[in-house]
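Working notes, structure below.
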Amino acid sequence: MNVLIVHAHPEPHSFSAAMCTTATDHLRAQGHQVRVSDLYASGFNPVASAADFGQRQNPDYLVYALEQRHAHTNGTLAPDVRSELAKLLWCDLLILNFPIFWFSAPAMLKGWIDRVLVSGVVYGGKRFYDRGGLAGKRAMLSVTIGGQSHMFTSDGVHGPLDDMLRPLLQGTLGYTGLSVLPPFVAWHVPYISTEERTHILADYRSRLDQLDHLAPLTMPSLGDFDERLRPLAVR
């Protein structure tokens, strides 16, 4: 299996970094090919802009998604975008590894998504959900968070974590056709002991051993909608 880990944490000695290293070493020991995009370490530019295109279809008005399509077709995407897109298309499994910042992903990772999930390649028109450009591949989030698990339940103070992560789980990964596995969550990380952190990493290795047995999250299927994307009548 080809695995791409996109790691987004500003501290190289963080527990998030330890999770990235754990996954890399464990999957390679199992014989998988693993590539890591460490966004902070590489100085990845997270800003989507006209500079991403060496040649513009419309130099007077920027429609980013349309320029992505044009640049990909003509081979004029920015080199860093081309490199990351090639890794994305190479992988069978995508792991996004990051800390939860303000109920979401770090801006660095959001910028990677904006720039690398290229329109016309991974989505476009009605190429989304089960017809998306990344259909046949899998994805998983591995996240660290300061809160405790009881805070993220249906009756918890913050509500279910999956609801918080829906823009990523469904609106990004599922939308592009990826089969989305349940997230792996390291809870309360800044406040736990070294022993507890060791247990979390052991649990993460166990999760990685179970990838082929995990049921993916339920996503919409375009077969349940008509040509105008209205729900089909219940039979």
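Going through the structure tokens in order, the chains are called A, B, and so on, while each chain numbers its residues from 1 and the ligands are numbered from 1 in the order shown.
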**Study point:** Shell around range 18-24 of chain A at 10 Å using only C-alpha atoms, local window under 4 positions removed, as a ChimeraX atom specification
**Key:** /A:3-8,12-14,28-29,32-36,38,95-98,142-144,186,197,200-202,204-205,207-208
**Study point:** Selection: 10 Å around range 156-171 of chain A, only C-alpha atoms, excl. self and same-chain fewer than 2 positions, as a ChimeraX atom specification
**Key:** /A:96,100,102-105,110,113,128-129,139-141,147,149-154,173-183,185,217-220
Check your understanding: Nearest to Phe101 in chain A among A:Asp212, A:Asp203, A:Asp52, A:Gly146, with distances taken over only C-alpha atoms: which residue is it?
Key -> A:Gly146
Exercise for review: Find the spatial neighbours of range 65-68 of chain A, counting only C-alpha atoms, within a cut-off of 8 Å - ignore same-chain residues fewer than 5 positions away - and output them as a list in words.
Suggested key: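 So, after excluding close chain neighbours, the residues are Phe53, Arg56, Gln57, Asn58, Leu77, Val118, Ser119 and Gly120 of chain A.
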How would the residues just chosen look if you wrote them out with N, CA, C and O atoms as a CSV table (one decimal), in the first residue's frame?
```
chain,number,residue,atom,x,y,z
A,53,PHE,N,-0.4,29.8,-10.8
A,53,PHE,CA,-0.6,29.5,-12.2
A,53,PHE,C,0.5,30.2,-13.1
A,53,PHE,O,0.5,31.4,-13.1
A,56,ARG,N,-2.3,32.0,-17.3
A,56,ARG,CA,-3.7,32.2,-16.9
A,56,ARG,C,-4.6,32.0,-18.1
A,56,ARG,O,-4.3,32.5,-19.2
A,57,GLN,N,-5.7,31.4,-17.9
A,57,GLN,CA,-6.8,31.3,-18.9
A,57,GLN,C,-7.4,32.7,-19.0
A,57,GLN,O,-7.8,33.1,-20.1
A,58,ASN,N,-7.7,33.3,-17.8
A,58,ASN,CA,-8.3,34.6,-17.8
A,58,ASN,C,-7.4,35.5,-16.9
A,58,ASN,O,-7.5,35.5,-15.7
A,77,LEU,N,0.9,24.4,-13.4
A,77,LEU,CA,0.7,24.6,-12.0
A,77,LEU,C,2.0,24.9,-11.3
A,77,LEU,O,3.1,24.5,-11.8
A,118,VAL,N,-6.9,19.8,-6.6
A,118,VAL,CA,-7.0,20.5,-7.9
A,118,VAL,C,-8.3,20.2,-8.6
A,118,VAL,O,-8.6,19.1,-8.9
A,119,SER,N,-9.1,21.3,-8.9
A,119,SER,CA,-10.3,21.1,-9.7
A,119,SER,C,-10.0,20.5,-11.0
A,119,SER,O,-9.0,20.9,-11.7
A,120,GLY,N,-10.9,19.6,-11.5
A,120,GLY,CA,-10.7,18.9,-12.7
A,120,GLY,C,-9.9,17.7,-12.6
A,120,GLY,O,-9.9,16.8,-13.5
```
Exercise for review: Would you mind reading off the distance between CA of Gly223 in chain A and CA of Arg138 in chain A, one decimal, in Å?
Suggested key: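 Those two atoms sit 20.3 Å apart.
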Review point. Just asking: which residues within range 15-111 of chain A are strand (DSSP E or B) according to DSSP, as a ChimeraX atom specification?
Key: /A:33-38,53,77,93-99,101,104
Next, dump the selected residues to file, keeping only N, CA and C atoms, as a PDB file, in the first residue's frame.
```
ATOM      1  N   GLN A  33       4.771   1.474   1.457  1.00  0.00           N
ATOM      2  CA  GLN A  33       5.541   2.634   1.034  1.00  0.00           C
ATOM      3  C   GLN A  33       4.906   3.885   1.662  1.00  0.00           C
ATOM      4  N   VAL A  34       5.694   4.683   2.352  1.00  0.00           N
ATOM      5  CA  VAL A  34       5.162   5.846   3.068  1.00  0.00           C
ATOM      6  C   VAL A  34       5.935   7.100   2.659  1.00  0.00           C
ATOM      7  N   ARG A  35       5.188   8.130   2.288  1.00  0.00           N
ATOM      8  CA  ARG A  35       5.762   9.447   2.054  1.00  0.00           C
ATOM      9  C   ARG A  35       5.117  10.417   3.039  1.00  0.00           C
ATOM     10  N   VAL A  36       5.903  11.363   3.515  1.00  0.00           N
ATOM     11  CA  VAL A  36       5.425  12.342   4.503  1.00  0.00           C
ATOM     12  C   VAL A  36       5.589  13.741   3.929  1.00  0.00           C
ATOM     13  N   SER A  37       4.509  14.506   3.959  1.00  0.00           N
ATOM     14  CA  SER A  37       4.576  15.934   3.659  1.00  0.00           C
ATOM     15  C   SER A  37       4.459  16.684   4.987  1.00  0.00           C
ATOM     16  N   ASP A  38       5.598  17.120   5.514  1.00  0.00           N
ATOM     17  CA  ASP A  38       5.631  17.884   6.763  1.00  0.00           C
ATOM     18  C   ASP A  38       5.530  19.355   6.372  1.00  0.00           C
ATOM     19  N   PHE A  53      -0.359  29.796 -10.775  1.00  0.00           N
ATOM     20  CA  PHE A  53      -0.570  29.472 -12.187  1.00  0.00           C
ATOM     21  C   PHE A  53       0.458  30.195 -13.052  1.00  0.00           C
ATOM     22  N   LEU A  77       0.864  24.425 -13.412  1.00  0.00           N
ATOM     23  CA  LEU A  77       0.661  24.579 -11.977  1.00  0.00           C
ATOM     24  C   LEU A  77       1.992  24.889 -11.300  1.00  0.00           C
ATOM     25  N   LEU A  93      -3.714   5.384   0.556  1.00  0.00           N
ATOM     26  CA  LEU A  93      -4.248   5.851   1.837  1.00  0.00           C
ATOM     27  C   LEU A  93      -3.658   7.216   2.141  1.00  0.00           C
ATOM     28  N   LEU A  94      -4.520   8.178   2.439  1.00  0.00           N
ATOM     29  CA  LEU A  94      -4.121   9.519   2.859  1.00  0.00           C
ATOM     30  C   LEU A  94      -4.413   9.672   4.339  1.00  0.00           C
ATOM     31  N   ILE A  95      -3.399  10.049   5.117  1.00  0.00           N
ATOM     32  CA  ILE A  95      -3.586  10.336   6.542  1.00  0.00           C
ATOM     33  C   ILE A  95      -3.286  11.817   6.757  1.00  0.00           C
ATOM     34  N   LEU A  96      -4.266  12.535   7.271  1.00  0.00           N
ATOM     35  CA  LEU A  96      -4.058  13.929   7.658  1.00  0.00           C
ATOM     36  C   LEU A  96      -3.804  13.951   9.157  1.00  0.00           C
ATOM     37  N   ASN A  97      -2.622  14.390   9.557  1.00  0.00           N
ATOM     38  CA  ASN A  97      -2.164  14.331  10.940  1.00  0.00           C
ATOM     39  C   ASN A  97      -1.980  15.750  11.468  1.00  0.00           C
ATOM     40  N   PHE A  98      -2.780  16.141  12.459  1.00  0.00           N
ATOM     41  CA  PHE A  98      -2.756  17.549  12.875  1.00  0.00           C
ATOM     42  C   PHE A  98      -3.409  17.723  14.247  1.00  0.00           C
ATOM     43  N   PRO A  99      -3.150  18.855  14.910  1.00  0.00           N
ATOM     44  CA  PRO A  99      -3.858  19.205  16.134  1.00  0.00           C
ATOM     45  C   PRO A  99      -5.143  19.962  15.794  1.00  0.00           C
ATOM     46  N   PHE A 101      -7.272  22.985  16.015  1.00  0.00           N
ATOM     47  CA  PHE A 101      -7.174  24.409  16.326  1.00  0.00           C
ATOM     48  C   PHE A 101      -8.557  25.023  16.141  1.00  0.00           C
ATOM     49  N   SER A 104     -11.166  23.063  14.356  1.00  0.00           N
ATOM     50  CA  SER A 104     -10.877  22.811  12.956  1.00  0.00           C
ATOM     51  C   SER A 104      -9.412  22.437  12.801  1.00  0.00           C
TER      52      SER A 104
END
```
**Study point:** range 156-226 of chain A: residues DSSP assigns to helix (DSSP H, G or I), reported as an NGL selection string
**Key:** :A and (161-164 or 166-174 or 189-191 or 194-209 or 211-213 or 222-224)
Would you mind exporting C-alpha atoms of the selected residues as a tab-separated table (two decimals), in the first residue's frame?
```tsv
chain	number	residue	atom	x	y	z
A	161	LEU	CA	-16.47	15.43	17.43
A	162	ASP	CA	-17.59	14.05	14.05
A	163	ASP	CA	-19.95	17.01	13.71
A	164	MET	CA	-17.06	19.37	14.37
A	166	ARG	CA	-17.68	17.29	9.17
A	167	PRO	CA	-16.16	19.95	6.86
A	168	LEU	CA	-13.09	17.71	6.60
A	169	LEU	CA	-14.66	14.26	6.85
A	170	GLN	CA	-17.48	14.88	4.38
A	171	GLY	CA	-16.95	18.28	2.77
A	172	THR	CA	-13.35	17.54	1.80
A	173	LEU	CA	-12.39	13.86	1.99
A	174	GLY	CA	-15.75	12.28	1.24
A	189	VAL	CA	-2.82	15.58	25.12
A	190	PRO	CA	-1.29	18.67	26.80
A	191	TYR	CA	-2.36	17.47	30.24
A	194	THR	CA	4.19	10.24	29.58
A	195	GLU	CA	2.76	6.81	30.39
A	196	GLU	CA	-0.64	7.82	29.02
A	197	ARG	CA	0.99	9.16	25.86
A	198	THR	CA	2.80	5.85	25.42
A	199	HIS	CA	-0.53	4.04	25.66
A	200	ILE	CA	-2.03	6.32	23.01
A	201	LEU	CA	0.78	5.55	20.59
A	202	ALA	CA	0.29	1.82	21.23
A	203	ASP	CA	-3.43	2.25	20.50
A	204	TYR	CA	-2.52	4.10	17.30
A	205	ARG	CA	-0.32	1.25	16.13
A	206	SER	CA	-3.22	-1.12	16.82
A	207	ARG	CA	-5.53	1.10	14.78
A	208	LEU	CA	-3.09	1.03	11.88
A	209	ASP	CA	-3.13	-2.77	12.04
A	211	LEU	CA	-7.23	-0.49	8.59
A	212	ASP	CA	-8.56	-3.26	6.36
A	213	HIS	CA	-11.26	-4.12	8.89
A	222	LEU	CA	-25.08	10.34	-6.29
A	223	GLY	CA	-27.15	7.32	-7.29
A	224	ASP	CA	-29.68	8.43	-4.68
```
Residue neighbourhood Lys126 in chain A, 10 Å, only C-alpha atoms, exclusion window fewer than 6 positions, as an mmCIF file with all heavy atoms, in the first residue's frame:
```cif
data_model
loop_
_atom_site.group_PDB
_atom_site.id
_atom_site.type_symbol
_atom_site.label_atom_id
_atom_site.label_comp_id
_atom_site.auth_asym_id
_atom_site.auth_seq_id
_atom_site.Cartn_x
_atom_site.Cartn_y
_atom_site.Cartn_z
ATOM 1 N N GLY A 132 -16.201 10.955 -7.234
ATOM 2 C CA GLY A 132 -15.087 11.901 -7.146
ATOM 3 C C GLY A 132 -13.805 11.350 -7.739
ATOM 4 O O GLY A 132 -13.640 10.140 -7.930
ATOM 5 N N LEU A 222 -24.346 9.604 -5.267
ATOM 6 C CA LEU A 222 -25.084 10.342 -6.290
ATOM 7 C C LEU A 222 -26.170 9.501 -6.932
ATOM 8 O O LEU A 222 -27.087 10.032 -7.548
ATOM 9 C CB LEU A 222 -24.123 10.879 -7.345
ATOM 10 C CG LEU A 222 -23.135 11.944 -6.883
ATOM 11 C CD1 LEU A 222 -22.488 12.628 -8.081
ATOM 12 C CD2 LEU A 222 -23.785 12.979 -5.984
ATOM 13 N N GLU A 227 -30.844 14.027 -11.763
ATOM 14 C CA GLU A 227 -29.875 14.805 -12.508
ATOM 15 C C GLU A 227 -29.693 16.219 -11.955
ATOM 16 O O GLU A 227 -28.652 16.844 -12.160
ATOM 17 C CB GLU A 227 -30.296 14.877 -13.991
ATOM 18 C CG GLU A 227 -30.106 13.580 -14.736
ATOM 19 C CD GLU A 227 -28.643 13.136 -14.733
ATOM 20 O OE1 GLU A 227 -27.779 13.966 -15.073
ATOM 21 O OE2 GLU A 227 -28.368 11.963 -14.379
ATOM 22 N N LEU A 229 -29.809 16.755 -8.772
ATOM 23 C CA LEU A 229 -29.356 16.471 -7.405
ATOM 24 C C LEU A 229 -30.464 16.652 -6.384
ATOM 25 O O LEU A 229 -30.219 17.037 -5.230
ATOM 26 C CB LEU A 229 -28.120 17.322 -7.050
ATOM 27 C CG LEU A 229 -26.901 17.024 -7.919
ATOM 28 C CD1 LEU A 229 -25.758 17.936 -7.528
ATOM 29 C CD2 LEU A 229 -26.487 15.573 -7.818
#
```
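Nearest residue to Asn45 in chain A among A:Arg115, A:Arg230, A:Lys87, A:Arg131 is A:Arg115, counting only C-alpha atoms.
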Exercise for review: Could you check how far CA of Gly124 in chain A sits from CA of Ala107 in chain A, in Å to one decimal?
Suggested key: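 Distance between the two atoms: 23.5 Å.
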